[in-house]
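Next up, input-v5.txt (compact mmCIF, C-alpha atoms and all ligand atoms):
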```
# COMPACT_ATOMS: atom_id res chain seq x y z
CA MET W 1 -87.52 -216.09 75.25
CA SER W 2 -89.65 -218.77 76.93
CA ILE W 3 -88.25 -221.76 78.73
CA SER W 4 -89.19 -223.91 75.75
CA ARG W 5 -85.56 -223.28 74.78
CA ARG W 6 -84.86 -226.35 76.89
CA GLY W 7 -85.40 -228.37 73.77
CA PHE W 8 -81.67 -228.16 73.16
CA LEU W 9 -79.42 -230.32 71.01
CA SER W 10 -80.83 -232.49 68.29
CA SER W 11 -79.95 -236.16 68.61
CA ALA W 12 -77.87 -235.93 65.43
CA ALA W 13 -75.80 -233.15 66.95
CA VAL W 14 -75.46 -235.12 70.15
CA ALA W 15 -74.27 -238.19 68.25
CA SER W 16 -71.65 -236.21 66.36
CA LEU W 17 -70.50 -234.59 69.60
CA ALA W 18 -70.16 -237.97 71.22
CA ALA W 19 -68.00 -239.11 68.37
CA SER W 20 -65.84 -236.01 68.50
CA VAL W 21 -65.23 -236.01 72.22
CA ASN W 22 -63.03 -238.92 72.98
CA ALA W 23 -61.38 -238.56 76.34
CA GLN W 24 -58.39 -240.56 75.17
CA ASP W 25 -58.02 -238.48 72.06
CA LYS W 26 -54.62 -236.90 71.83
CA ASP W 27 -55.32 -235.66 68.35
CA LYS W 28 -53.53 -232.44 67.47
CA ASN W 29 -56.78 -231.03 66.03
CA ASP W 30 -58.01 -230.95 69.55
CA THR W 31 -55.36 -228.51 70.59
CA ALA W 32 -56.11 -226.43 67.52
CA ARG W 33 -59.84 -226.46 68.27
CA HIS W 34 -59.22 -225.02 71.71
CA ALA W 35 -56.41 -222.76 70.57
CA GLU W 36 -55.77 -220.17 73.24
CA PRO W 37 -55.78 -216.47 72.64
CA LEU W 38 -52.32 -215.04 73.21
CA ARG W 39 -52.41 -213.15 76.46
CA ALA W 40 -49.56 -211.46 78.21
CA ALA W 41 -49.47 -212.97 81.67
CA LYS W 42 -49.62 -210.29 84.35
CA ARG W 43 -49.03 -210.29 88.06
CA PRO W 44 -50.71 -209.61 90.41
CA ILE W 45 -53.89 -211.22 89.20
CA ILE W 46 -57.10 -212.65 90.69
CA VAL W 47 -59.30 -215.18 88.89
CA CYS W 48 -62.67 -216.19 90.31
CA ALA W 49 -66.22 -217.34 89.61
CA ASN W 50 -68.31 -214.57 88.11
CA ASN W 51 -70.31 -214.01 91.31
CA GLY W 52 -67.06 -212.60 92.74
CA PHE W 53 -66.94 -209.79 90.16
CA PRO W 54 -68.32 -207.01 92.43
CA TYR W 55 -65.71 -207.74 95.10
CA LEU W 56 -62.58 -207.80 92.94
CA ASP W 57 -61.50 -204.15 93.16
CA ASN W 58 -61.01 -204.23 96.89
CA ALA W 59 -59.17 -207.57 96.84
CA TYR W 60 -56.93 -206.42 94.01
CA SER W 61 -55.87 -203.31 95.95
CA LEU W 62 -55.12 -205.52 98.92
CA LEU W 63 -52.87 -207.69 96.75
CA LYS W 64 -51.25 -204.72 95.03
CA ASN W 65 -50.40 -203.21 98.43
CA GLY W 66 -48.53 -206.31 99.50
CA GLY W 67 -51.40 -208.18 101.15
CA ASP W 68 -51.27 -211.94 101.53
CA THR W 69 -52.69 -213.92 98.59
CA LEU W 70 -55.02 -216.00 100.76
CA ASP W 71 -56.33 -212.87 102.49
CA ALA W 72 -57.05 -211.33 99.08
CA ALA W 73 -58.89 -214.44 97.87
CA MET W 74 -60.83 -214.57 101.17
CA ASN W 75 -61.77 -210.94 100.70
CA VAL W 76 -63.49 -211.82 97.41
CA VAL W 77 -65.43 -214.86 98.60
CA GLN W 78 -66.72 -213.22 101.76
CA GLY W 79 -68.77 -210.94 99.51
CA PRO W 80 -71.15 -213.72 98.40
CA GLU W 81 -70.89 -215.44 101.82
CA ASN W 82 -72.29 -212.30 103.48
CA ASP W 83 -74.89 -211.55 100.82
CA PRO W 84 -78.36 -212.82 101.91
CA PHE W 85 -79.59 -212.74 98.28
CA GLU W 86 -76.80 -214.99 96.97
CA ASP W 87 -78.51 -218.34 97.48
CA SER W 88 -75.59 -220.63 96.64
CA VAL W 89 -73.06 -219.48 99.24
CA GLY W 90 -73.06 -218.60 102.96
CA LEU W 91 -75.93 -216.60 104.47
CA GLY W 92 -79.14 -217.20 102.51
CA GLY W 93 -77.78 -220.34 100.83
CA LEU W 94 -80.52 -222.78 99.83
CA PRO W 95 -80.84 -225.46 102.51
CA ASN W 96 -80.69 -229.24 102.49
CA GLU W 97 -83.84 -231.36 102.25
CA ASP W 98 -84.49 -230.86 105.98
CA GLY W 99 -84.48 -227.09 105.54
CA VAL W 100 -81.07 -226.67 107.18
CA VAL W 101 -78.27 -224.69 105.51
CA GLU W 102 -75.03 -226.71 105.43
CA LEU W 103 -71.89 -225.04 104.11
CA ASP W 104 -68.61 -226.40 102.70
CA ALA W 105 -65.28 -224.67 102.06
CA CYS W 106 -61.60 -225.31 101.58
CA CYS W 107 -58.50 -223.24 100.99
CA MET W 108 -54.79 -223.58 100.31
CA HIS W 109 -52.03 -221.14 101.17
CA GLY W 110 -49.29 -221.51 98.56
CA PRO W 111 -46.33 -219.82 100.28
CA THR W 112 -46.61 -221.99 103.40
CA ARG W 113 -47.98 -225.03 101.51
CA ARG W 114 -50.83 -225.52 103.95
CA ALA W 115 -54.47 -226.52 103.50
CA GLY W 116 -57.68 -226.26 105.54
CA SER W 117 -61.21 -227.46 104.97
CA VAL W 118 -64.64 -227.69 106.58
CA GLY W 119 -67.69 -229.66 105.45
CA GLY W 120 -71.37 -229.73 106.37
CA VAL W 121 -71.12 -226.73 108.73
CA ARG W 122 -74.34 -225.29 110.15
CA ASN W 123 -75.00 -221.83 111.64
CA ILE W 124 -71.67 -220.22 110.68
CA LYS W 125 -71.68 -217.86 107.71
CA ASN W 126 -68.00 -217.40 106.78
CA VAL W 127 -66.90 -220.99 106.38
CA SER W 128 -64.04 -219.94 104.11
CA LEU W 129 -62.50 -218.19 107.12
CA VAL W 130 -63.21 -221.23 109.29
CA ALA W 131 -61.23 -223.35 106.77
CA LYS W 132 -58.40 -220.81 107.12
CA ALA W 133 -58.66 -221.05 110.91
CA VAL W 134 -58.24 -224.84 110.59
CA ILE W 135 -54.87 -224.08 108.96
CA GLU W 136 -53.84 -221.54 111.55
CA HIS W 137 -55.15 -223.05 114.78
CA THR W 138 -55.11 -226.82 114.41
CA GLY W 139 -52.82 -229.61 113.35
CA HIS W 140 -55.62 -230.98 111.14
CA VAL W 141 -56.67 -230.30 107.57
CA MET W 142 -60.40 -231.09 107.58
CA LEU W 143 -63.20 -230.71 110.14
CA VAL W 144 -66.83 -231.60 109.47
CA GLY W 145 -70.31 -231.23 110.91
CA GLU W 146 -70.86 -230.49 114.58
CA GLY W 147 -67.14 -230.57 115.38
CA ALA W 148 -66.44 -227.95 112.74
CA GLU W 149 -69.22 -225.74 114.09
CA ARG W 150 -67.94 -226.04 117.65
CA PHE W 151 -64.42 -225.24 116.47
CA ALA W 152 -65.72 -222.14 114.67
CA VAL W 153 -67.52 -220.92 117.79
CA ALA W 154 -64.38 -221.53 119.84
CA MET W 155 -62.50 -219.37 117.32
CA GLY W 156 -64.98 -216.53 117.86
CA PHE W 157 -67.22 -216.93 114.82
CA PRO W 158 -70.81 -215.99 115.69
CA ARG W 159 -73.54 -218.61 115.46
CA GLU W 160 -76.40 -217.26 113.35
CA ASN W 161 -79.46 -218.43 111.50
CA LEU W 162 -78.35 -218.81 107.87
CA LEU W 163 -81.82 -219.54 106.55
CA THR W 164 -83.26 -216.27 105.26
CA GLU W 165 -87.02 -215.95 104.90
CA ARG W 166 -86.62 -216.04 101.14
CA SER W 167 -84.62 -219.29 101.21
CA ARG W 168 -86.95 -220.80 103.82
CA LYS W 169 -90.03 -220.08 101.72
CA THR W 170 -88.32 -221.47 98.60
CA TRP W 171 -87.48 -224.65 100.55
CA GLN W 172 -91.07 -224.83 101.85
CA LEU W 173 -92.37 -224.64 98.29
CA TRP W 174 -89.94 -227.40 97.27
CA LYS W 175 -90.99 -229.54 100.23
CA GLU W 176 -94.65 -229.18 99.37
CA PHE W 177 -94.10 -230.12 95.75
CA HIS W 178 -91.25 -232.54 95.59
CA SER W 179 -92.20 -236.10 94.89
CA THR W 180 -90.04 -238.56 93.04
CA ASP W 181 -87.85 -235.81 91.61
CA ASP W 182 -85.39 -235.74 94.45
CA TRP W 183 -81.87 -236.97 95.04
CA TRP W 184 -82.72 -240.42 96.42
CA GLY W 185 -82.37 -243.56 94.34
CA PRO W 186 -79.74 -244.54 91.78
CA GLY W 187 -77.74 -241.58 90.48
CA MET W 188 -76.76 -241.00 86.92
CA ALA W 189 -73.56 -242.96 87.40
CA SER W 190 -75.55 -246.11 88.21
CA PRO W 191 -76.10 -248.74 85.49
CA GLN W 192 -79.75 -248.79 86.62
CA TRP W 193 -80.27 -245.11 85.79
CA LYS W 194 -82.57 -244.43 82.88
CA ALA W 195 -82.94 -241.08 81.16
CA PRO W 196 -86.39 -239.76 82.07
CA ASP W 197 -88.84 -239.27 79.26
CA THR W 198 -88.92 -235.60 78.40
CA SER W 199 -91.20 -235.98 75.44
CA SER W 200 -94.35 -236.35 77.51
CA ASN W 201 -97.25 -234.00 77.05
CA SER W 202 -96.43 -230.72 78.70
CA GLU W 203 -99.96 -230.19 79.95
CA PRO W 204 -99.42 -231.73 83.41
CA TRP W 205 -96.38 -229.48 83.86
CA ASN W 206 -98.40 -226.52 82.82
CA GLU W 207 -100.97 -227.31 85.49
CA ARG W 208 -98.31 -228.11 88.02
CA LEU W 209 -96.59 -224.78 87.50
CA GLN W 210 -99.85 -222.95 87.93
CA ARG W 211 -100.49 -224.83 91.18
CA MET W 212 -96.97 -224.00 92.32
CA GLU W 213 -97.53 -220.36 91.58
CA LYS W 214 -100.72 -220.36 93.67
CA ARG W 215 -98.91 -222.17 96.46
CA ALA W 216 -95.97 -219.74 96.28
CA SER W 217 -98.42 -216.90 96.67
CA ALA W 218 -100.07 -218.60 99.67
CA ILE W 219 -96.65 -219.16 101.29
CA GLY W 220 -95.97 -215.45 100.88
CA ILE W 221 -93.16 -215.56 98.33
CA ASP W 222 -92.78 -212.05 96.87
CA PRO W 223 -94.45 -211.77 93.46
CA GLU W 224 -91.23 -210.60 91.80
CA PHE W 225 -89.31 -213.65 93.13
CA ARG W 226 -92.12 -216.19 92.61
CA MET W 227 -91.13 -217.59 89.19
CA ALA W 228 -87.47 -217.61 90.21
CA ALA W 229 -88.39 -219.63 93.32
CA ILE W 230 -90.33 -222.09 91.16
CA HIS W 231 -87.30 -222.41 88.92
CA ARG W 232 -85.19 -223.35 91.93
CA ILE W 233 -87.70 -226.03 92.88
CA VAL W 234 -88.00 -227.53 89.42
CA PHE W 235 -84.23 -227.44 88.91
CA PRO W 236 -82.43 -227.50 92.28
CA PRO W 237 -79.52 -225.19 91.60
CA THR W 238 -75.84 -225.55 92.32
CA GLY W 239 -73.67 -222.51 92.87
CA THR W 240 -70.39 -221.75 94.52
CA ILE W 241 -67.50 -219.33 94.43
CA HIS W 242 -63.87 -220.18 93.83
CA CYS W 243 -61.08 -217.58 93.87
CA SER W 244 -57.35 -217.89 93.15
CA ALA W 245 -54.94 -214.99 93.75
CA LEU W 246 -51.33 -214.46 92.63
CA ASN W 247 -49.13 -211.59 93.77
CA GLU W 248 -46.22 -209.79 92.15
CA LYS W 249 -43.70 -212.10 93.85
CA GLY W 250 -45.41 -215.19 92.42
CA GLU W 251 -47.01 -216.30 95.67
CA MET W 252 -50.46 -217.79 95.27
CA SER W 253 -53.47 -219.13 97.16
CA GLY W 254 -56.96 -220.45 96.46
CA VAL W 255 -60.31 -220.81 98.21
CA THR W 256 -63.71 -222.31 97.38
CA THR W 257 -66.90 -221.88 99.41
CA THR W 258 -70.50 -223.01 98.87
CA SER W 259 -73.87 -224.01 100.28
CA GLY W 260 -73.67 -226.87 97.76
CA LEU W 261 -76.48 -228.45 95.87
CA ALA W 262 -79.89 -227.12 96.92
CA PHE W 263 -82.13 -229.59 98.81
CA LYS W 264 -79.29 -232.13 99.04
CA LEU W 265 -79.40 -235.01 101.51
CA PRO W 266 -78.27 -233.84 104.97
CA GLY W 267 -74.58 -234.53 105.36
CA ARG W 268 -73.87 -234.50 101.65
CA CYS W 269 -70.53 -232.92 100.86
CA GLY W 270 -69.73 -232.02 97.28
CA ASP W 271 -66.34 -231.18 95.84
CA SER W 272 -65.99 -227.74 97.42
CA PRO W 273 -64.50 -228.88 100.76
CA ILE W 274 -62.32 -231.53 99.11
CA ILE W 275 -58.72 -230.38 98.72
CA GLY W 276 -57.73 -231.43 95.21
CA ALA W 277 -61.29 -231.38 93.85
CA GLY W 278 -62.94 -228.02 94.64
CA CYS W 279 -59.60 -226.24 95.05
CA TYR W 280 -55.90 -226.98 94.76
CA THR W 281 -52.87 -224.71 94.89
CA ASP W 282 -49.25 -225.71 94.43
CA GLN W 283 -46.81 -222.86 94.95
CA ASP W 284 -44.49 -224.32 92.31
CA VAL W 285 -47.10 -224.56 89.57
CA GLY W 286 -50.47 -222.86 89.91
CA SER W 287 -53.92 -222.84 91.43
CA ALA W 288 -57.28 -224.15 90.26
CA GLY W 289 -60.85 -224.40 91.49
CA ALA W 290 -64.24 -225.61 90.39
CA THR W 291 -67.95 -224.90 90.39
CA GLY W 292 -70.57 -227.27 89.06
CA ALA W 293 -71.48 -230.91 89.52
CA GLY W 294 -69.52 -231.72 92.68
CA GLU W 295 -69.93 -235.49 92.50
CA GLU W 296 -68.37 -235.55 89.03
CA ASN W 297 -65.51 -233.29 90.03
CA ILE W 298 -64.60 -235.43 93.03
CA LYS W 299 -64.25 -238.46 90.75
CA VAL W 300 -61.66 -236.73 88.56
CA ALA W 301 -59.96 -234.82 91.43
CA GLY W 302 -60.44 -231.86 89.11
CA ALA W 303 -58.38 -229.06 90.66
CA HIS W 304 -55.44 -231.37 91.43
CA THR W 305 -55.57 -232.95 87.99
CA ILE W 306 -55.40 -229.50 86.41
CA VAL W 307 -52.43 -228.36 88.49
CA GLU W 308 -50.59 -231.63 87.77
CA ASN W 309 -51.32 -231.22 84.05
CA MET W 310 -49.74 -227.76 84.17
CA ARG W 311 -46.78 -229.15 86.07
CA HIS W 312 -46.23 -231.52 83.16
CA GLY W 313 -46.31 -228.74 80.59
CA MET W 314 -49.92 -228.21 79.59
CA SER W 315 -51.19 -224.65 79.27
CA PRO W 316 -53.97 -223.63 81.72
CA GLN W 317 -56.61 -224.18 79.06
CA GLU W 318 -55.28 -227.57 77.93
CA ALA W 319 -55.01 -228.64 81.56
CA GLY W 320 -58.65 -227.77 82.20
CA MET W 321 -59.88 -229.38 79.00
CA ASP W 322 -58.15 -232.61 79.99
CA ALA W 323 -59.98 -232.65 83.33
CA LEU W 324 -63.31 -232.05 81.54
CA LYS W 325 -62.56 -234.91 79.16
CA ARG W 326 -62.07 -237.20 82.14
CA ILE W 327 -65.62 -236.36 83.25
CA VAL W 328 -66.85 -237.16 79.74
CA ARG W 329 -64.84 -240.40 79.81
CA ASN W 330 -66.46 -241.42 83.12
CA TYR W 331 -69.76 -241.49 81.24
CA ASN W 332 -68.30 -243.22 78.18
CA ASN W 333 -69.17 -240.12 76.15
CA ASP W 334 -72.87 -240.78 76.80
CA MET W 335 -74.50 -237.45 75.94
CA ALA W 336 -77.87 -238.64 77.25
CA ARG W 337 -76.31 -238.33 80.71
CA LEU W 338 -73.67 -235.67 80.15
CA LYS W 339 -76.26 -233.16 79.02
CA PHE W 340 -77.45 -232.98 82.65
CA LEU W 341 -73.99 -232.19 84.02
CA ASP W 342 -71.98 -229.02 83.98
CA MET W 343 -68.62 -227.98 85.33
CA THR W 344 -66.52 -224.83 85.24
CA TYR W 345 -62.82 -224.67 86.11
CA TYR W 346 -60.93 -221.51 87.09
CA ILE W 347 -57.22 -221.89 86.39
CA LEU W 348 -54.26 -219.69 87.23
CA ARG W 349 -50.62 -220.52 86.49
CA LYS W 350 -47.74 -219.20 88.52
CA ASP W 351 -46.64 -216.83 85.73
CA GLY W 352 -50.09 -215.20 85.61
CA ALA W 353 -51.45 -217.11 82.59
CA TYR W 354 -55.05 -218.15 83.25
CA ALA W 355 -58.08 -219.86 81.73
CA GLY W 356 -61.74 -220.48 82.41
CA VAL W 357 -63.10 -223.67 80.86
CA SER W 358 -66.47 -225.34 81.09
CA LEU W 359 -68.10 -228.58 80.01
CA TRP W 360 -70.90 -226.73 78.16
CA GLU W 361 -71.19 -223.19 76.86
CA GLY W 362 -73.69 -222.17 79.52
CA TYR W 363 -77.01 -222.93 81.16
CA SER W 364 -78.78 -221.48 78.12
CA PRO W 365 -77.77 -219.74 74.90
CA THR W 366 -78.27 -216.40 76.66
CA GLU W 367 -76.43 -217.38 79.84
CA PRO W 368 -72.83 -218.28 78.93
CA HIS W 369 -70.51 -219.46 81.69
CA LYS W 370 -68.13 -216.70 82.73
CA ILE W 371 -65.12 -216.13 84.93
CA ALA W 372 -64.15 -212.84 86.56
CA VAL W 373 -60.58 -211.58 86.34
CA HIS W 374 -58.64 -208.63 87.77
CA ASP W 375 -55.06 -207.95 86.71
CA GLY W 376 -55.30 -204.19 86.83
CA THR W 377 -58.45 -204.30 84.73
CA ARG W 378 -61.56 -205.91 86.17
CA ARG W 379 -63.58 -207.90 83.67
CA SER W 380 -65.83 -210.91 83.02
CA GLU W 381 -64.87 -213.34 80.30
CA LYS W 382 -66.73 -216.22 78.71
CA THR W 383 -65.29 -219.63 79.45
CA VAL W 384 -63.95 -221.87 76.69
CA PRO W 385 -66.39 -224.79 76.47
CA LEU W 386 -65.49 -228.39 75.68
CA LEU W 387 -68.96 -229.12 74.25
CA LYS W 388 -71.13 -226.92 72.10
CA GLY W 389 -74.56 -225.96 73.37
CA ALA W 390 -76.16 -225.49 76.76
CA SER W 391 -76.38 -228.06 79.51
CA GLN W 392 -79.84 -229.16 80.51
CA GLU W 393 -80.79 -228.87 84.12
CA PHE W 394 -81.68 -231.94 86.12
CA PRO W 395 -84.37 -233.21 86.60
CA PRO W 396 -85.28 -232.93 82.93
CA PHE W 397 -88.13 -230.66 82.02
CA PRO W 398 -90.46 -231.20 79.09
CA THR W 399 -90.86 -228.42 76.59
CA LEU W 400 -93.50 -225.96 77.70
CA PRO W 401 -95.77 -223.95 75.47
CA ALA W 402 -93.93 -220.81 74.39
CA GLY W 403 -94.61 -217.84 76.60
CA LEU W 404 -95.76 -219.79 79.67
CA ILE W 405 -92.92 -218.34 81.67
CA GLN W 406 -90.93 -215.39 80.43
CA GLU W 407 -87.20 -215.59 80.92
CA SER W 408 -87.10 -212.25 82.71
CA GLU W 409 -89.30 -213.72 85.45
CA TYR W 410 -87.52 -216.99 85.43
CA TYR W 411 -83.95 -216.06 86.26
CA LYS W 412 -84.38 -213.55 89.09
N1 LIG Q 501 -69.72 -227.82 93.32
C1 LIG Q 501 -70.75 -227.49 94.26
C2 LIG Q 501 -71.25 -228.73 94.92
O1 LIG Q 501 -71.38 -229.74 94.25
C3 LIG Q 501 -71.91 -226.80 93.68
C4 LIG Q 501 -71.60 -225.79 92.61
O2 LIG Q 501 -70.48 -225.48 92.38
O3 LIG Q 501 -72.48 -225.27 91.95
O4 LIG Q 501 -71.59 -228.68 96.09
```
Starting from the file, lay out its structure as structure tokens.
Amino acid sequence: MSISRRGFLSSAAVASLAASVNAQDKDKNDTARHAEPLRAAKRPIIVCANNGFPYLDNAYSLLKNGGDTLDAAMNVVQGPENDPFEDSVGLGGLPNEDGVVELDACCMHGPTRRAGSVGGVRNIKNVSLVAKAVIEHTGHVMLVGEGAERFAVAMGFPRENLLTERSRKTWQLWKEFHSTDDWWGPGMASPQWKAPDTSSNSEPWNERLQRMEKRASAIGIDPEFRMAAIHRIVFPPTGTIHCSALNEKGEMSGVTTTSGLAFKLPGRCGDSPIIGAGCYTDQDVGSAGATGAGEENIKVAGAHTIVENMRHGMSPQEAGMDALKRIVRNYNNDMARLKFLDMTYYILRKDGAYAGVSLWEGYSPTEPHKIAVHDGTRRSEKTVPLLKGASQEFPPFPTLPAGLIQESEYYK
């Protein structure tokens, strides 16, 4: 399939969606529409973002053998943090607009009801563990920037260059081609924001992509990664991992770690280091975490909202749907803006019931949002979406002639 699939929802469908998604709507149909499959809650269990899937077996054995829940969750997220080819977390994460990798993380330890967080950390790969060290070795909850880096070094974490050659070359390509399509200026939440015109003739894009491909070749980006690098420049990606773990005794913990939005402004922190947004665990109730549009999640204190919803009787899925509806409400149901946002919540209740919910079904019809779960059986499951269809990446991209870029090249 070509990327012309970006011509997504018709305006009629969008209008009917807008009408159907009322954040204040307490209609019973709503509950029926998102009716949950009946699942027997099991403990122990680990729920995480799908990029944690390969690391679940090890963490599950840890938990099963009496390991601490935060240690088990940390075990999962260090996989992507250490992987140089995972460009949304830790080593190899895509950098900020200055070409510097800045990482964010936070965690909560349920049994001792403690929290730790670090934001905008440079040169330290395992920021999830640094957030845990904040819990264990300071009287603070959050450290940022240079202070957080110095603290990490004092705790024995090695300083290292987090910018891999692949990420550096992708950033260089972005730098050479970015113009007005960056993160400066009024954001989508501003009344001044206007939806860009996506109906323009695709010819300039066609030429631009061809120039980018030539440039990528000159920079030395591997041919097999070239179209994927271009994709990252045209649509600066987000990406993160959250993990929540629950043991047999009912103890639970959560952690979220990320390199945040690619090519962000230096110093930008998203939701991932914010306790209550990117991650929240309450030993009495449950644990939740988020990946997706960090700015939106901060405004609804997503993870905390979900845990509080469960405290007041909502099921994991209902609790997550309510948080998503608050995001929709913040945009007055305006699908012209919401189509550029996406959000996934990972939710685990103290009894082992869980849910994965997302604003949209996926980034494309062939790429549904998924969560990874291990409760004795390791598996990936599609999330339950609030809205039908795929989100559209930002900045918007006009429809290209079919076949210009093949999907196989595009999503490396
Ligand atoms: N939430 C992260 C951030 O905004 C990015 C992501 O989850 O994809 O930094």
**Prompt:** Which polymer residues have any atom within 8 Å of an atom of W:Thr164, counting only C-alpha atoms, with same-chain residues fewer than 5 positions away left out, as a PyMOL selection string?
**Reply:** chain W and resi 84+91-92
Considering only C-alpha atoms and all ligand atoms, tabulate each residue of chain W that lies at most 7 Å from ligand LIG 501 (chain Q) along with its nearest interatomic pair and the corresponding distance in Å to one decimal; arrange the rows by chain and ascending residue number and present them as a tab-separated table.
```
residue	atom	partner	partner_atom	distance
W:Thr238	CA	Q:LIG501	O3	3.4
W:Gly239	CA	Q:LIG501	O3	3.1
W:Thr240	CA	Q:LIG501	O2	4.3
W:Thr258	CA	Q:LIG501	O4	6.4
W:Ser259	CA	Q:LIG501	O4	6.7
W:Gly260	CA	Q:LIG501	O4	3.2
W:Leu261	CA	Q:LIG501	O4	4.9
W:Cys269	CA	Q:LIG501	O4	6.5
W:Gly270	CA	Q:LIG501	O4	4.0
W:Asp271	CA	Q:LIG501	N1	5.4
W:Ser272	CA	Q:LIG501	N1	5.5
W:Gly278	CA	Q:LIG501	N1	6.9
W:Ala290	CA	Q:LIG501	O2	6.6
W:Thr291	CA	Q:LIG501	O2	3.3
W:Gly292	CA	Q:LIG501	O2	3.8
W:Ala293	CA	Q:LIG501	O1	4.9
W:Gly294	CA	Q:LIG501	O1	3.1
W:Glu295	CA	Q:LIG501	O1	6.2
```
Selection above as a file: C-alpha atoms, as a short mmCIF file (atom, residue, chain, number, x, y, z; two decimals), in the coordinates of the input:
```
data_model
loop_
_atom_site.label_atom_id
_atom_site.label_comp_id
_atom_site.auth_asym_id
_atom_site.auth_seq_id
_atom_site.Cartn_x
_atom_site.Cartn_y
_atom_site.Cartn_z
CA THR W 238 -75.84 -225.55 92.32
CA GLY W 239 -73.67 -222.51 92.87
CA THR W 240 -70.39 -221.75 94.52
CA THR W 258 -70.50 -223.01 98.87
CA SER W 259 -73.87 -224.01 100.28
CA GLY W 260 -73.67 -226.87 97.76
CA LEU W 261 -76.48 -228.45 95.87
CA CYS W 269 -70.53 -232.92 100.86
CA GLY W 270 -69.73 -232.02 97.28
CA ASP W 271 -66.34 -231.18 95.84
CA SER W 272 -65.99 -227.74 97.42
CA GLY W 278 -62.94 -228.02 94.64
CA ALA W 290 -64.24 -225.61 90.39
CA THR W 291 -67.95 -224.90 90.39
CA GLY W 292 -70.57 -227.27 89.06
CA ALA W 293 -71.48 -230.91 89.52
CA GLY W 294 -69.52 -231.72 92.68
CA GLU W 295 -69.93 -235.49 92.50
#
```
**Prompt:** Nearest to W:Val89: which of W:Asn126, W:Ser287, W:Gln210, W:Thr305 is it, counting only C-alpha atoms?
**Reply:**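 Looking at the shortest contact to W:Val89, the residue is W:Asn126.
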**Request:** Please provide as a ChimeraX atom specification all residues within 8 Å of stretch 249-255 of chain W, with the sequence filter that same-chain residues fewer than 3 positions apart are discarded (counting all atoms listed in the file).
**Result:** /W:43-44,69-70,73-74,77,105-111,128,242-246,279-281,283,286-289,350-351
Take the residues just selected and output them with C-alpha atoms as a short mmCIF file (atom, residue, chain, number, x, y, z; two decimals), in the frame of the given file.
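What follows is the written file selection-v6.cif:
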```cif
data_model
loop_
_atom_site.label_atom_id
_atom_site.label_comp_id
_atom_site.auth_asym_id
_atom_site.auth_seq_id
_atom_site.Cartn_x
_atom_site.Cartn_y
_atom_site.Cartn_z
CA ARG W 43 -49.03 -210.29 88.06
CA PRO W 44 -50.71 -209.61 90.41
CA THR W 69 -52.69 -213.92 98.59
CA LEU W 70 -55.02 -216.00 100.76
CA ALA W 73 -58.89 -214.44 97.87
CA MET W 74 -60.83 -214.57 101.17
CA VAL W 77 -65.43 -214.86 98.60
CA ALA W 105 -65.28 -224.67 102.06
CA CYS W 106 -61.60 -225.31 101.58
CA CYS W 107 -58.50 -223.24 100.99
CA MET W 108 -54.79 -223.58 100.31
CA HIS W 109 -52.03 -221.14 101.17
CA GLY W 110 -49.29 -221.51 98.56
CA PRO W 111 -46.33 -219.82 100.28
CA SER W 128 -64.04 -219.94 104.11
CA HIS W 242 -63.87 -220.18 93.83
CA CYS W 243 -61.08 -217.58 93.87
CA SER W 244 -57.35 -217.89 93.15
CA ALA W 245 -54.94 -214.99 93.75
CA LEU W 246 -51.33 -214.46 92.63
CA CYS W 279 -59.60 -226.24 95.05
CA TYR W 280 -55.90 -226.98 94.76
CA THR W 281 -52.87 -224.71 94.89
CA GLN W 283 -46.81 -222.86 94.95
CA GLY W 286 -50.47 -222.86 89.91
CA SER W 287 -53.92 -222.84 91.43
CA ALA W 288 -57.28 -224.15 90.26
CA GLY W 289 -60.85 -224.40 91.49
CA LYS W 350 -47.74 -219.20 88.52
CA ASP W 351 -46.64 -216.83 85.73
#
```
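One distance worth recording is that between atom CA of W:Arg326 and atom CA of W:Gly119, which is 25.1 Å.
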**Neighbour residues at most 7 Å from (-67.1, -214.2, 82.3) (only C-alpha atoms) as an MDAnalysis selection string** = chainID W and resid 50 369:372 380:383
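Separating atom CA of W:Met335 from atom CA of W:Ile306 is a distance of 23.2 Å.
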**Request:** Would you mind reading off the distance between atom CA of W:Lys42 and atom CA of W:Ala353, one decimal, in Å?
**Result:**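 Interatomic distance here is 7.3 Å.
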**Prompt:** Any idea what's packed within 8 Å of W:Leu173, counting all atoms listed in the file, ignoring anything in its chain fewer than 6 positions away? Could you give it as JSON, numbers by chain?
**Reply:** {"W": [212, 215, 216, 219, 230, 233]}
**Request:** Please provide the set of residues having any atom within 12 Å of W:Gly156, restricted to all atoms listed in the file, with same-chain residues fewer than 2 positions apart removed, written as a ChimeraX atom specification.
**Result:** /W:124,126,129-130,133,149-154,158-159
**Prompt:** Within 9 Å of stretch 62-65 of chain W, counting all atoms listed in the file, which residues qualify if same-chain residues fewer than 6 places away don't, as a PyMOL selection string?
**Reply:** chain W and resi 44-46+71-72+75+245-248
**Prompt:** Restricting the calculation to only C-alpha atoms, which member of W:His137, W:Lys388, W:Arg379, W:Arg329 is positioned closest to W:Ala49?
**Reply:** W:Arg379
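Across W:Val384, W:Val118, W:Ile298, W:Ile327, the tightest approach to W:Asp342 is made by W:Ile327 when counting all atoms listed in the file.
Of the listed residues (W:Lys175, W:His312, W:His140, W:Lys325), W:Lys175 comes nearest to W:Gly99; the distances count only C-alpha atoms.
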**Asked** In terms of the shortest atom-to-atom distance over all atoms listed in the file, which of W:Asn206, W:Asn333, W:Ser358, W:Ser364 is closest to W:Met321?
**Response**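 Going through W:Asn206, W:Asn333, W:Ser358, W:Ser364 one by one, the smallest distance to W:Met321 is for W:Ser358.
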